[in-house]
$ cat coords.txt   # compact mmCIF, C-alpha atoms and all ligand atoms
# COMPACT_ATOMS: atom_id res chain seq x y z
CA MET A 292 0.00 0.00 0.00
CA LYS A 293 0.91 3.63 -0.17
CA ILE A 294 -0.63 6.78 1.30
CA ILE A 295 -1.73 9.18 -1.44
CA GLY A 296 -3.63 11.81 0.55
CA THR A 297 -3.94 13.12 4.10
CA GLY A 298 -6.43 15.44 5.81
CA SER A 299 -7.54 16.54 9.26
CA ALA A 300 -10.11 18.62 11.11
CA LEU A 301 -10.28 19.98 14.65
CA PRO A 302 -13.12 21.48 16.65
CA LYS A 303 -12.81 25.25 16.99
CA LYS A 304 -13.05 25.55 20.78
CA ILE A 305 -9.59 25.69 22.36
CA VAL A 306 -9.45 25.02 26.10
CA THR A 307 -6.40 25.98 28.16
CA ASN A 308 -5.22 24.38 31.39
CA ASP A 309 -6.19 27.57 33.23
CA MET A 310 -9.75 27.20 31.93
CA LEU A 311 -9.89 23.66 33.37
CA SER A 312 -8.51 24.82 36.72
CA GLU A 313 -11.54 27.10 37.09
CA PHE A 314 -13.67 24.05 37.96
CA LEU A 315 -11.13 21.26 38.63
CA ASP A 316 -8.57 20.96 41.41
CA THR A 317 -5.64 21.23 38.99
CA SER A 318 -3.26 23.86 37.63
CA ASP A 319 -1.50 24.85 34.44
CA GLU A 320 1.77 24.18 36.23
CA TRP A 321 0.82 20.55 37.10
CA VAL A 322 -0.62 19.65 33.69
CA THR A 323 2.26 21.22 31.76
CA ALA A 324 4.95 19.64 33.94
CA ARG A 325 3.39 16.13 34.08
CA THR A 326 2.05 15.85 30.54
CA GLY A 327 3.37 18.67 28.33
CA ILE A 328 -0.22 19.55 27.41
CA ASN A 329 -1.05 23.26 27.21
CA THR A 330 -4.33 23.29 25.27
CA ARG A 331 -6.81 20.89 23.65
CA HIS A 332 -9.62 21.29 21.09
CA ILE A 333 -13.04 20.28 22.39
CA ILE A 334 -16.25 19.66 20.45
CA THR A 335 -18.94 22.17 21.39
CA THR A 336 -21.28 23.20 18.58
CA GLU A 337 -19.86 20.89 15.91
CA ARG A 338 -21.24 17.46 15.16
CA PHE A 339 -18.61 14.78 15.53
CA GLU A 340 -19.59 13.04 12.29
CA ASP A 341 -19.17 16.33 10.39
CA LEU A 342 -15.65 16.72 11.76
CA ALA A 343 -14.81 13.17 10.65
CA THR A 344 -16.30 13.86 7.21
CA GLU A 345 -14.33 17.11 6.87
CA ALA A 346 -11.05 15.30 7.57
CA ALA A 347 -12.06 12.56 5.10
CA GLY A 348 -12.96 15.10 2.39
CA ARG A 349 -9.60 16.83 2.77
CA ALA A 350 -7.72 13.53 2.45
CA ILE A 351 -9.68 12.63 -0.70
CA ASP A 352 -9.01 16.10 -2.20
CA ALA A 353 -5.30 15.75 -1.43
CA SER A 354 -5.22 12.31 -3.07
CA GLY A 355 -6.48 13.67 -6.40
CA LEU A 356 -9.30 11.09 -6.38
CA CYS A 357 -13.00 11.83 -6.14
CA PRO A 358 -15.31 10.30 -3.50
CA ASP A 359 -16.74 7.77 -5.95
CA ASP A 360 -13.25 6.30 -6.50
CA ILE A 361 -13.24 5.13 -2.86
CA ASP A 362 -14.23 1.46 -2.63
CA PHE A 363 -13.70 0.78 1.08
CA ILE A 364 -14.05 2.97 4.17
CA ILE A 365 -12.57 2.11 7.55
CA CYS A 366 -13.06 4.36 10.55
CA SER A 367 -11.19 4.07 13.83
CA ASN A 368 -13.00 5.45 16.85
CA VAL A 369 -13.22 4.55 20.50
CA SER A 370 -16.49 6.18 21.38
CA ASN A 371 -19.08 8.26 19.61
CA LEU A 372 -22.77 9.04 19.88
CA TYR A 373 -23.72 6.44 17.28
CA VAL A 374 -23.32 2.87 18.43
CA THR A 375 -25.06 2.00 15.18
CA PRO A 376 -24.86 2.77 12.33
CA HIS A 377 -21.11 2.75 12.47
CA LEU A 378 -19.30 6.01 11.85
CA SER A 379 -17.79 4.93 8.52
CA ALA A 380 -21.32 4.38 7.12
CA ILE A 381 -22.27 7.89 8.22
CA ILE A 382 -19.12 9.30 6.61
CA GLN A 383 -19.99 7.43 3.41
CA ALA A 384 -23.44 9.05 3.38
CA ASN A 385 -22.03 12.51 4.14
CA LEU A 386 -19.50 12.20 1.32
CA GLY A 387 -22.31 11.21 -1.09
CA ILE A 388 -20.73 7.84 -1.92
CA LYS A 389 -23.77 5.85 -3.04
CA GLY A 390 -22.41 2.32 -2.93
CA PRO A 391 -23.22 -0.53 -2.89
CA ASN A 392 -19.64 -1.42 -3.81
CA CYS A 393 -17.96 0.46 -0.99
CA PRO A 394 -18.05 -1.61 2.22
CA THR A 395 -17.72 0.31 5.48
CA MET A 396 -16.48 -0.85 8.85
CA ASP A 397 -15.31 0.63 12.13
CA VAL A 398 -12.28 -0.44 14.12
CA ASN A 399 -11.93 0.07 17.86
CA SER A 400 -8.40 -0.72 18.90
CA ALA A 401 -8.20 2.31 21.16
CA CYS A 402 -5.29 4.66 20.52
CA VAL A 403 -3.73 2.14 18.12
CA GLY A 404 -6.79 2.11 15.83
CA PHE A 405 -5.09 4.06 13.04
CA VAL A 406 -2.15 1.64 12.84
CA TYR A 407 -4.50 -1.36 13.09
CA GLY A 408 -6.63 0.18 10.33
CA LEU A 409 -3.64 0.82 8.09
CA ASP A 410 -2.49 -2.78 8.51
CA LEU A 411 -5.97 -3.92 7.48
CA CYS A 412 -5.81 -1.59 4.45
CA ASP A 413 -2.61 -3.30 3.36
CA ALA A 414 -4.25 -6.72 3.65
CA LEU A 415 -7.30 -5.60 1.64
CA LEU A 416 -5.15 -4.03 -1.08
CA THR A 417 -2.74 -6.96 -1.26
CA THR A 418 -5.58 -9.46 -1.65
CA GLY A 419 -7.30 -7.31 -4.27
CA ARG A 420 -10.43 -6.72 -2.20
CA ALA A 421 -10.13 -2.96 -2.54
CA ARG A 422 -8.33 -0.44 -4.74
CA ASN A 423 -8.69 2.91 -2.95
CA ILE A 424 -9.39 2.91 0.78
CA LEU A 425 -10.39 5.84 2.97
CA LEU A 426 -9.12 5.38 6.53
CA VAL A 427 -10.45 7.89 9.05
CA ALA A 428 -9.46 8.16 12.72
CA ALA A 429 -12.01 10.31 14.52
CA GLU A 430 -12.16 10.70 18.27
CA GLU A 431 -14.23 12.66 20.76
CA CYS A 432 -12.44 11.42 23.86
CA THR A 433 -13.71 14.32 25.95
CA ARG A 434 -17.17 12.69 25.91
CA PHE A 435 -16.13 9.76 28.04
CA CYS A 436 -14.39 11.74 30.74
CA ASP A 437 -15.98 12.51 34.07
CA TRP A 438 -15.66 16.28 34.08
CA ASN A 439 -15.38 16.30 37.88
CA ASP A 440 -12.34 13.98 37.74
CA ARG A 441 -9.02 15.74 37.22
CA ASN A 442 -7.14 12.47 36.59
CA CYS A 443 -8.43 11.92 33.05
CA THR A 444 -10.11 15.14 31.98
CA VAL A 445 -6.91 17.16 31.65
CA LEU A 446 -5.40 14.58 29.27
CA PHE A 447 -7.77 14.36 26.32
CA GLY A 448 -8.84 16.35 23.27
CA ASP A 449 -11.06 15.82 20.22
CA GLY A 450 -10.04 15.64 16.57
CA ALA A 451 -10.15 13.73 13.31
CA ALA A 452 -7.64 12.84 10.63
CA ALA A 453 -7.75 10.67 7.53
CA VAL A 454 -5.65 9.11 4.80
CA VAL A 455 -6.41 7.65 1.39
CA VAL A 456 -4.40 4.53 0.60
CA THR A 457 -3.98 2.68 -2.64
CA LYS A 458 -1.85 -0.13 -4.00
CA GLY A 459 1.89 0.53 -3.73
CA ASP A 460 5.10 -0.62 -2.14
CA SER A 461 5.52 1.83 0.76
CA LEU A 462 5.09 -0.60 3.60
CA ILE A 463 8.36 -1.94 4.98
CA TYR A 464 7.26 -3.43 8.30
CA SER A 465 4.10 -3.84 10.34
CA LYS A 466 3.50 -5.54 13.67
CA LEU A 467 0.37 -5.46 15.83
CA THR A 468 0.23 -6.86 19.35
CA SER A 469 -2.39 -7.40 22.04
CA VAL A 470 -1.87 -8.52 25.62
CA PRO A 471 -5.09 -8.96 27.61
CA MET A 472 -5.07 -6.36 30.40
CA PRO A 473 -8.67 -5.19 30.39
CA ASP A 474 -8.50 -3.07 33.52
CA VAL A 475 -5.70 -0.59 32.80
CA ILE A 476 -7.88 1.78 30.73
CA VAL A 477 -11.65 1.17 30.89
CA TYR A 478 -14.75 3.02 29.75
CA LYS A 479 -18.19 1.38 29.77
CA ASN A 480 -21.12 2.78 27.83
CA PRO A 481 -24.09 3.73 29.97
CA MET A 482 -26.62 0.84 29.74
CA GLU A 483 -30.17 0.85 31.00
CA PRO A 484 -31.07 -2.32 32.94
CA THR A 485 -33.77 -4.46 31.31
CA PRO A 486 -36.90 -5.51 33.26
CA TYR A 487 -35.33 -8.99 33.46
CA GLU A 488 -32.08 -7.77 34.97
CA THR A 489 -31.39 -9.63 38.19
CA ARG A 490 -27.91 -8.36 39.02
CA GLU A 491 -27.78 -5.70 41.69
CA GLY A 492 -25.83 -2.53 41.05
CA ILE A 493 -25.58 -2.76 37.24
CA ASP A 494 -23.30 0.02 35.96
CA THR A 495 -25.41 2.72 34.37
CA ARG A 496 -22.52 5.13 34.17
CA MET A 497 -18.82 4.37 34.30
CA PRO A 498 -16.64 7.19 33.03
CA LEU A 499 -13.09 6.59 31.90
CA GLN A 500 -10.87 4.96 34.49
CA MET A 501 -7.17 4.57 34.00
CA LYS A 502 -4.15 3.26 35.89
CA GLY A 503 -2.02 6.16 34.75
CA ARG A 504 1.37 5.17 36.15
CA GLU A 505 1.03 1.58 34.92
CA VAL A 506 0.08 2.74 31.42
CA PHE A 507 3.00 5.18 31.46
CA ARG A 508 5.49 2.40 32.29
CA MET A 509 4.03 -0.07 29.80
CA ALA A 510 3.98 2.56 27.05
CA VAL A 511 7.65 3.44 27.42
CA THR A 512 8.79 -0.19 27.73
CA SER A 513 6.68 -1.59 24.91
CA ALA A 514 7.30 1.23 22.42
CA SER A 515 11.08 1.24 23.01
CA ARG A 516 11.15 -2.55 22.53
CA ASP A 517 8.76 -2.60 19.53
CA ILE A 518 10.64 0.16 17.69
CA SER A 519 14.05 -1.46 18.16
CA LYS A 520 12.66 -4.79 16.98
CA ALA A 521 10.98 -3.14 13.99
CA VAL A 522 14.15 -1.57 12.61
CA ASP A 523 16.18 -4.75 13.28
CA THR A 524 13.63 -6.96 11.52
CA ALA A 525 13.43 -4.56 8.60
CA GLY A 526 17.23 -4.62 8.25
CA LEU A 527 17.44 -0.91 9.05
CA SER A 528 19.05 1.15 11.78
CA LEU A 529 17.35 3.81 13.88
CA ASP A 530 19.35 6.40 11.93
CA ASP A 531 17.53 5.34 8.73
CA ILE A 532 14.21 6.58 10.16
CA ASP A 533 13.50 10.21 9.19
CA HIS A 534 10.36 10.69 11.31
CA PHE A 535 9.19 8.86 14.43
CA LEU A 536 5.45 9.49 14.65
CA LEU A 537 4.51 8.30 18.13
CA HIS A 538 1.08 8.23 19.71
CA GLN A 539 0.64 11.52 21.56
CA ALA A 540 -0.51 10.79 25.11
CA ASN A 541 2.08 12.49 27.25
CA LEU A 542 5.20 14.41 26.24
CA ARG A 543 7.15 12.69 29.04
CA ILE A 544 6.31 9.25 27.60
CA ASN A 545 7.63 10.27 24.18
CA GLU A 546 10.69 11.91 25.68
CA ALA A 547 11.53 8.71 27.61
CA ILE A 548 11.14 6.61 24.43
CA ARG A 549 13.32 9.06 22.49
CA GLU A 550 16.02 8.91 25.17
CA ASN A 551 15.95 5.09 25.14
CA LEU A 552 16.43 5.16 21.37
CA LYS A 553 19.11 7.90 21.53
CA GLN A 554 17.69 9.76 18.56
CA PRO A 555 17.52 13.54 18.00
CA ASP A 556 14.50 15.53 19.11
CA SER A 557 14.00 16.89 15.59
CA LYS A 558 12.88 13.44 14.35
CA PHE A 559 9.98 13.30 16.85
CA PRO A 560 7.23 15.72 15.87
CA THR A 561 4.68 16.39 18.63
CA ASN A 562 1.21 17.85 18.86
CA VAL A 563 0.15 16.76 22.34
CA GLN A 564 1.02 20.24 23.66
CA ARG A 565 -1.73 21.76 21.48
CA PHE A 566 -4.24 18.92 21.04
CA GLY A 567 -3.91 16.74 24.16
CA ASN A 568 -4.37 12.99 23.68
CA THR A 569 -6.63 12.54 20.64
CA SER A 570 -6.42 8.72 20.82
CA SER A 571 -6.16 7.08 17.40
CA ALA A 572 -6.31 10.46 15.63
CA SER A 573 -2.98 11.60 17.08
CA ILE A 574 -0.63 9.90 14.56
CA PRO A 575 -2.59 10.83 11.40
CA LEU A 576 -2.90 14.39 12.77
CA LEU A 577 0.90 14.50 13.08
CA LEU A 578 1.22 13.04 9.59
CA ASP A 579 -1.15 15.54 8.00
CA GLU A 580 0.58 18.48 9.71
CA GLY A 581 3.99 17.24 8.62
CA VAL A 582 2.89 16.73 5.02
CA ARG A 583 1.10 20.07 4.72
CA GLU A 584 4.00 21.98 6.29
CA GLY A 585 6.47 20.24 3.95
CA ARG A 586 8.44 18.55 6.74
CA ILE A 587 7.42 15.05 5.62
CA ARG A 588 8.34 14.58 1.97
CA ARG A 589 7.86 11.82 -0.59
CA GLY A 590 10.50 9.14 -0.09
CA ASP A 591 11.02 9.87 3.63
CA THR A 592 11.02 6.86 5.94
CA MET A 593 8.46 7.09 8.74
CA LEU A 594 7.91 4.93 11.79
CA PHE A 595 4.50 4.87 13.49
CA SER A 596 4.29 3.57 17.06
CA ALA A 597 1.16 3.51 19.21
CA PHE A 598 -0.08 1.93 22.44
CA GLY A 599 -3.47 1.85 24.08
CA ALA A 600 -6.25 0.18 26.04
CA GLY A 601 -6.32 -3.59 25.67
CA PHE A 602 -3.29 -3.49 26.07
CA VAL A 603 -2.52 -3.15 22.37
CA THR A 604 0.42 -1.81 20.39
CA GLY A 605 1.14 -1.22 16.73
CA THR A 606 4.41 -0.44 14.97
CA MET A 607 4.83 0.30 11.30
CA ILE A 608 7.68 1.46 9.08
CA LEU A 609 6.79 2.92 5.70
CA LYS A 610 8.04 5.25 3.01
CA TYR A 611 5.92 8.32 2.47
O1 LIG A 701 -3.63 6.86 25.26
C1 LIG A 701 -3.28 6.23 26.46
C2 LIG A 701 -3.96 6.94 27.58
N1 LIG A 701 -3.31 7.10 28.82
C3 LIG A 701 -2.03 7.47 29.07
O2 LIG A 701 -1.19 7.56 28.26
C4 LIG A 701 -1.72 7.78 30.53
C5 LIG A 701 -0.29 7.55 30.89
N2 LIG A 701 0.00 8.10 32.18
C6 LIG A 701 0.26 9.42 32.36
O3 LIG A 701 0.30 10.17 31.41
C7 LIG A 701 0.55 9.90 33.77
O4 LIG A 701 0.64 8.79 34.64
C8 LIG A 701 -0.54 10.90 34.30
C9 LIG A 701 -0.43 12.22 33.55
C10 LIG A 701 -1.93 10.31 34.13
C11 LIG A 701 -0.29 11.18 35.79
O5 LIG A 701 1.04 11.67 35.95
P1 LIG A 701 1.99 11.07 37.09
O6 LIG A 701 3.25 11.79 37.02
O7 LIG A 701 2.01 9.58 36.89
O8 LIG A 701 1.21 11.51 38.40
P2 LIG A 701 0.58 10.58 39.54
O9 LIG A 701 -0.59 9.83 39.05
O10 LIG A 701 1.70 9.82 40.19
O11 LIG A 701 0.07 11.68 40.57
C12 LIG A 701 0.98 12.58 41.26
C13 LIG A 701 0.16 13.51 42.13
C14 LIG A 701 -0.90 12.80 42.97
O12 LIG A 701 -0.96 13.46 44.22
P3 LIG A 701 -0.16 12.90 45.49
O13 LIG A 701 -0.70 11.50 45.72
O14 LIG A 701 1.29 12.90 45.12
O15 LIG A 701 -0.51 13.88 46.56
C15 LIG A 701 -2.19 13.01 42.22
O16 LIG A 701 -3.32 13.01 43.08
O17 LIG A 701 -0.58 14.43 41.30
C16 LIG A 701 -1.98 14.40 41.67
N3 LIG A 701 -2.76 14.65 40.47
C17 LIG A 701 -3.06 15.88 40.04
N4 LIG A 701 -2.78 17.10 40.52
C18 LIG A 701 -3.22 18.16 39.84
C19 LIG A 701 -3.27 13.74 39.60
N5 LIG A 701 -3.91 14.37 38.59
C20 LIG A 701 -3.80 15.70 38.84
C21 LIG A 701 -4.23 16.86 38.16
N6 LIG A 701 -3.92 18.06 38.68
N7 LIG A 701 -4.92 16.80 37.00
$ encode --input "coords.txt" --output "structure tokens"
Amino acid sequence: MKIIGTGSALPKKIVTNDMLSEFLDTSDEWVTARTGINTRHIITTERFEDLATEAAGRAIDASGLCPDDIDFIICSNVSNLYVTPHLSAIIQANLGIKGPNCPTMDVNSACVGFVYGLDLCDALLTTGRARNILLVAAEECTRFCDWNDRNCTVLFGDGAAAVVVTKGDSLIYSKLTSVPMPDVIVYKNPMEPTPYETREGIDTRMPLQMKGREVFRMAVTSASRDISKAVDTAGLSLDDIDHFLLHQANLRINEAIRENLKQPDSKFPTNVQRFGNTSSASIPLLLDEGVREGRIRRGDTMLFSAFGAGFVTGTMILKY
């Protein structure tokens, strides 16, 4: 596969740490020092599906294709208003792609959803099941936070980013992993009990809960290990990688990974300072920014590395 177009869209409301400290027991000093995050974009008047469609439309424009050329849509999202229909079907409708020959499916592999989705794109293209795939990562993480809980609320932001992929030989290496650890990051949808429900105390609301320190440690260890293994397996050295696009959850996590790898800061673009943790949208947001600003150029070697709830990881090396 190869990526032939990128696009992104962010909600217009920008929320600073000081704004959060007006109603949460936190401070700009704490959030900046512990996470690197200064601001995040939060959905207010926008509709989430419109944001996802805007990112998708920009990626299609950049690819030089038109919506009807797309014959598969995959959307990565952790949580959104629509449990069904899935978000990729809504994006299809919004883009005016009539079908029926454009299957749609959503992927929820938490913050790694974009890398999981891209791996799936490669499989679909390699086996001839699709020719031009739209992959969207759209997240409204701020919806699953308890806005009275400072532990999670300060970390997240909303955003969407997309790529169009077609047949090509960009992919050098891809490895997905999953280790069952269901309690390190958990969010359960509110569910109404049925009249037949016999269990006492059924959860009707369970906002995001996270073992922050544990996730921090696992993220640094697994990403450092996965990245080293990726370059070794691909017969490359770390110096051959032009851009390390890491999931953006916490600047300190990325800094620790960078130090383990002993690579220069300039190869690690970041957006967590401005956008917070946008889950699976964080890597394609970095990619789109890099491409549009001319920092990521055709022929450059990129490495994507993400970790998230599950506990899942994904590592990919590809030429842009
Ligand atoms: O996409 C994956 C999603 N999740 C992650 O990547 C999370 C990874 N983990 C982290 O980023 C960090 O562990 C956090 C940012 C969540 C927390 O940072 P930390 O350096 O691990 O802090 P901590 O949890 O050890 O808490 C230190 C102190 C505690 O107070 P005491 O016990 O020392 O008195 C917390 O109660 O900071 C307190 N604290 C806060 N203070 C002000 C926790 N959250 C806040 C807050 N504002 N928002």
$ closest_atom_pairs --input "coords.txt" --of "chain A" --to "ligand LIG 701 (chain A)" --cutoff "8 Å" --atoms "only C-alpha atoms and all ligand atoms" --output "JSON lines"
{"residue": "A:Leu315", "atom": "CA", "partner": "A:LIG701", "partner_atom": "N7", "distance": 7.8}
{"residue": "A:Asp316", "atom": "CA", "partner": "A:LIG701", "partner_atom": "N6", "distance": 6.1}
{"residue": "A:Thr317", "atom": "CA", "partner": "A:LIG701", "partner_atom": "N6", "distance": 3.6}
{"residue": "A:Ser318", "atom": "CA", "partner": "A:LIG701", "partner_atom": "N6", "distance": 5.9}
{"residue": "A:Trp321", "atom": "CA", "partner": "A:LIG701", "partner_atom": "C18", "distance": 5.4}
{"residue": "A:Val322", "atom": "CA", "partner": "A:LIG701", "partner_atom": "N7", "distance": 6.1}
{"residue": "A:Arg325", "atom": "CA", "partner": "A:LIG701", "partner_atom": "O6", "distance": 5.2}
{"residue": "A:Thr326", "atom": "CA", "partner": "A:LIG701", "partner_atom": "C9", "distance": 5.3}
{"residue": "A:Ala401", "atom": "CA", "partner": "A:LIG701", "partner_atom": "O1", "distance": 7.6}
{"residue": "A:Cys402", "atom": "CA", "partner": "A:LIG701", "partner_atom": "O1", "distance": 5.5}
{"residue": "A:Asp440", "atom": "CA", "partner": "A:LIG701", "partner_atom": "N7", "distance": 8.0}
{"residue": "A:Arg441", "atom": "CA", "partner": "A:LIG701", "partner_atom": "N7", "distance": 4.2}
{"residue": "A:Asn442", "atom": "CA", "partner": "A:LIG701", "partner_atom": "N5", "distance": 4.2}
{"residue": "A:Cys443", "atom": "CA", "partner": "A:LIG701", "partner_atom": "C10", "distance": 6.8}
{"residue": "A:Thr444", "atom": "CA", "partner": "A:LIG701", "partner_atom": "N7", "distance": 7.4}
{"residue": "A:Val445", "atom": "CA", "partner": "A:LIG701", "partner_atom": "N7", "distance": 5.7}
{"residue": "A:Leu446", "atom": "CA", "partner": "A:LIG701", "partner_atom": "C9", "distance": 7.0}
{"residue": "A:Ile476", "atom": "CA", "partner": "A:LIG701", "partner_atom": "C2", "distance": 7.2}
{"residue": "A:Met501", "atom": "CA", "partner": "A:LIG701", "partner_atom": "N1", "distance": 6.9}
{"residue": "A:Lys502", "atom": "CA", "partner": "A:LIG701", "partner_atom": "N2", "distance": 7.4}
{"residue": "A:Gly503", "atom": "CA", "partner": "A:LIG701", "partner_atom": "O4", "distance": 3.7}
{"residue": "A:Arg504", "atom": "CA", "partner": "A:LIG701", "partner_atom": "O4", "distance": 4.0}
{"residue": "A:Glu505", "atom": "CA", "partner": "A:LIG701", "partner_atom": "N2", "distance": 7.1}
{"residue": "A:Val506", "atom": "CA", "partner": "A:LIG701", "partner_atom": "C5", "distance": 4.9}
{"residue": "A:Phe507", "atom": "CA", "partner": "A:LIG701", "partner_atom": "C5", "distance": 4.1}
{"residue": "A:Arg508", "atom": "CA", "partner": "A:LIG701", "partner_atom": "C5", "distance": 7.9}
{"residue": "A:Ala510", "atom": "CA", "partner": "A:LIG701", "partner_atom": "O2", "distance": 7.3}
{"residue": "A:His538", "atom": "CA", "partner": "A:LIG701", "partner_atom": "O1", "distance": 7.4}
{"residue": "A:Gln539", "atom": "CA", "partner": "A:LIG701", "partner_atom": "O1", "distance": 7.3}
{"residue": "A:Ala540", "atom": "CA", "partner": "A:LIG701", "partner_atom": "O2", "distance": 4.6}
{"residue": "A:Asn541", "atom": "CA", "partner": "A:LIG701", "partner_atom": "O3", "distance": 5.1}
{"residue": "A:Arg543", "atom": "CA", "partner": "A:LIG701", "partner_atom": "O3", "distance": 7.7}
{"residue": "A:Ile544", "atom": "CA", "partner": "A:LIG701", "partner_atom": "O3", "distance": 7.2}
{"residue": "A:Asn568", "atom": "CA", "partner": "A:LIG701", "partner_atom": "O1", "distance": 6.4}
{"residue": "A:Thr569", "atom": "CA", "partner": "A:LIG701", "partner_atom": "O1", "distance": 7.9}
{"residue": "A:Ser570", "atom": "CA", "partner": "A:LIG701", "partner_atom": "O1", "distance": 5.6}
{"residue": "A:Phe598", "atom": "CA", "partner": "A:LIG701", "partner_atom": "O1", "distance": 6.7}
{"residue": "A:Gly599", "atom": "CA", "partner": "A:LIG701", "partner_atom": "C1", "distance": 5.0}
{"residue": "A:Ala600", "atom": "CA", "partner": "A:LIG701", "partner_atom": "C1", "distance": 6.8}
$ residues_around --input "coords.txt" --residues "Val455 (chain A)" --least-positions-apart "6" --cutoff "7 Å" --atoms "only C-alpha atoms" --output "mmCIF file with C-alpha atoms, in the frame of the given file"
data_model
loop_
_atom_site.group_PDB
_atom_site.id
_atom_site.type_symbol
_atom_site.label_atom_id
_atom_site.label_comp_id
_atom_site.auth_asym_id
_atom_site.auth_seq_id
_atom_site.Cartn_x
_atom_site.Cartn_y
_atom_site.Cartn_z
ATOM 1 C CA ILE A 294 -0.630 6.780 1.300
ATOM 2 C CA ILE A 295 -1.730 9.180 -1.440
ATOM 3 C CA GLY A 296 -3.630 11.810 0.550
ATOM 4 C CA THR A 297 -3.940 13.120 4.100
ATOM 5 C CA ALA A 350 -7.720 13.530 2.450
ATOM 6 C CA ILE A 351 -9.680 12.630 -0.700
ATOM 7 C CA SER A 354 -5.220 12.310 -3.070
ATOM 8 C CA ASN A 423 -8.690 2.910 -2.950
ATOM 9 C CA ILE A 424 -9.390 2.910 0.780
ATOM 10 C CA LEU A 425 -10.390 5.840 2.970
ATOM 11 C CA LEU A 426 -9.120 5.380 6.530
#
$ residues_around --input "coords.txt" --residues "Leu552 (chain A)" --least-positions-apart "4" --cutoff "9 Å" --atoms "all atoms listed in the file" --output "tab-separated table (two decimals) with C-alpha atoms, in the coordinates of the input"
chain	number	residue	atom	x	y	z
A	515	SER	CA	11.08	1.24	23.01
A	518	ILE	CA	10.64	0.16	17.69
A	519	SER	CA	14.05	-1.46	18.16
A	529	LEU	CA	17.35	3.81	13.88
A	547	ALA	CA	11.53	8.71	27.61
A	548	ILE	CA	11.14	6.61	24.43
$ closest_residue --input "coords.txt" --among "A:Thr457, A:Glu430, A:Lys303, A:Glu580" --to "Gly355 (chain A)" --atoms "only C-alpha atoms"
A:Thr457
$ atom_distance --input "coords.txt" --atom1 "CA of Pro555 (chain A)" --atom2 "CA of Lys466 (chain A)"
24.1 Å
$ closest_residue --input "coords.txt" --among "A:Val427, A:Asp413, A:Ile364, A:Gly459" --to "Met396 (chain A)" --atoms "all atoms listed in the file"
A:Ile364
$ closest_atom_pairs --input "coords.txt" --of "region 532-600 of chain A" --to "region 331-343 of chain A" --cutoff "6 Å" --atoms "all atoms listed in the file" --output "CSV"
residue,atom,partner,partner_atom,distance
A:Arg565,CA,A:Arg331,CA,5.6
A:Phe566,CA,A:Arg331,CA,4.2
A:Gly567,CA,A:Arg331,CA,5.1
$ atom_distance --input "coords.txt" --atom1 "CA of Ser367 (chain A)" --atom2 "CA of Gly390 (chain A)"
20.2 Å
$ residues_around --input "coords.txt" --residues "Thr418 (chain A)" --least-positions-apart "5" --cutoff "12 Å" --atoms "only C-alpha atoms" --output "PyMOL selection string"
chain A and resi 292+411-413+458
$ write_last_selection --input "coords.txt" --atoms "C-alpha atoms" --output "PDB file, keeping the file's coordinate frame"
ATOM      1  CA  MET A 292       0.000   0.000   0.000  1.00  0.00           C
ATOM      2  CA  LEU A 411      -5.970  -3.920   7.480  1.00  0.00           C
ATOM      3  CA  CYS A 412      -5.810  -1.590   4.450  1.00  0.00           C
ATOM      4  CA  ASP A 413      -2.610  -3.300   3.360  1.00  0.00           C
ATOM      5  CA  LYS A 458      -1.850  -0.130  -4.000  1.00  0.00           C
TER       6      LYS A 458
END
$ closest_residue --input "coords.txt" --among "A:Ile587, A:Leu594, A:Val403, A:Leu416" --to "Ser469 (chain A)" --atoms "all atoms listed in the file"
A:Val403
$ atom_distance --input "coords.txt" --atom1 "CA of Asp437 (chain A)" --atom2 "CA of Leu311 (chain A)"
12.7 Å
$ closest_residue --input "coords.txt" --among "A:Gly581, A:Pro376, A:Gly387, A:Gly450" --to "Pro302 (chain A)" --atoms "only C-alpha atoms"
A:Gly450
$ residues_near_point --input "coords.txt" --point "(-1.9, 16.5, 7.9)" --cutoff "9 Å" --atoms "all atoms listed in the file" --output "PyMOL selection string"
chain A and resi 296-299+350+452-454+575-584
$ closest_residue --input "coords.txt" --among "A:Cys393, A:Ile365, A:Ala521, A:Leu467" --to "Ala428 (chain A)" --atoms "all atoms listed in the file"
A:Ile365
$ decode --input "coords.txt" --residues "region 305-309 of chain A" --atoms "N, CA, C and O atoms" --output "tab-separated table (two decimals), in the first residue's frame"
chain	number	residue	atom	x	y	z
A	305	ILE	N	-10.88	26.03	21.76
A	305	ILE	CA	-9.59	25.69	22.36
A	305	ILE	C	-9.68	25.94	23.86
A	305	ILE	O	-10.05	27.03	24.30
A	306	VAL	N	-9.34	24.92	24.64
A	306	VAL	CA	-9.45	25.02	26.10
A	306	VAL	C	-8.05	24.94	26.72
A	306	VAL	O	-7.30	24.00	26.45
A	307	THR	N	-7.72	25.94	27.51
A	307	THR	CA	-6.40	25.98	28.16
A	307	THR	C	-6.45	25.26	29.50
A	307	THR	O	-7.54	25.02	30.05
A	308	ASN	N	-5.28	24.99	30.06
A	308	ASN	CA	-5.22	24.38	31.39
A	308	ASN	C	-5.84	25.31	32.44
A	308	ASN	O	-6.51	24.85	33.37
A	309	ASP	N	-5.60	26.61	32.27
A	309	ASP	CA	-6.19	27.57	33.23
A	309	ASP	C	-7.71	27.50	33.21
A	309	ASP	O	-8.36	27.62	34.26
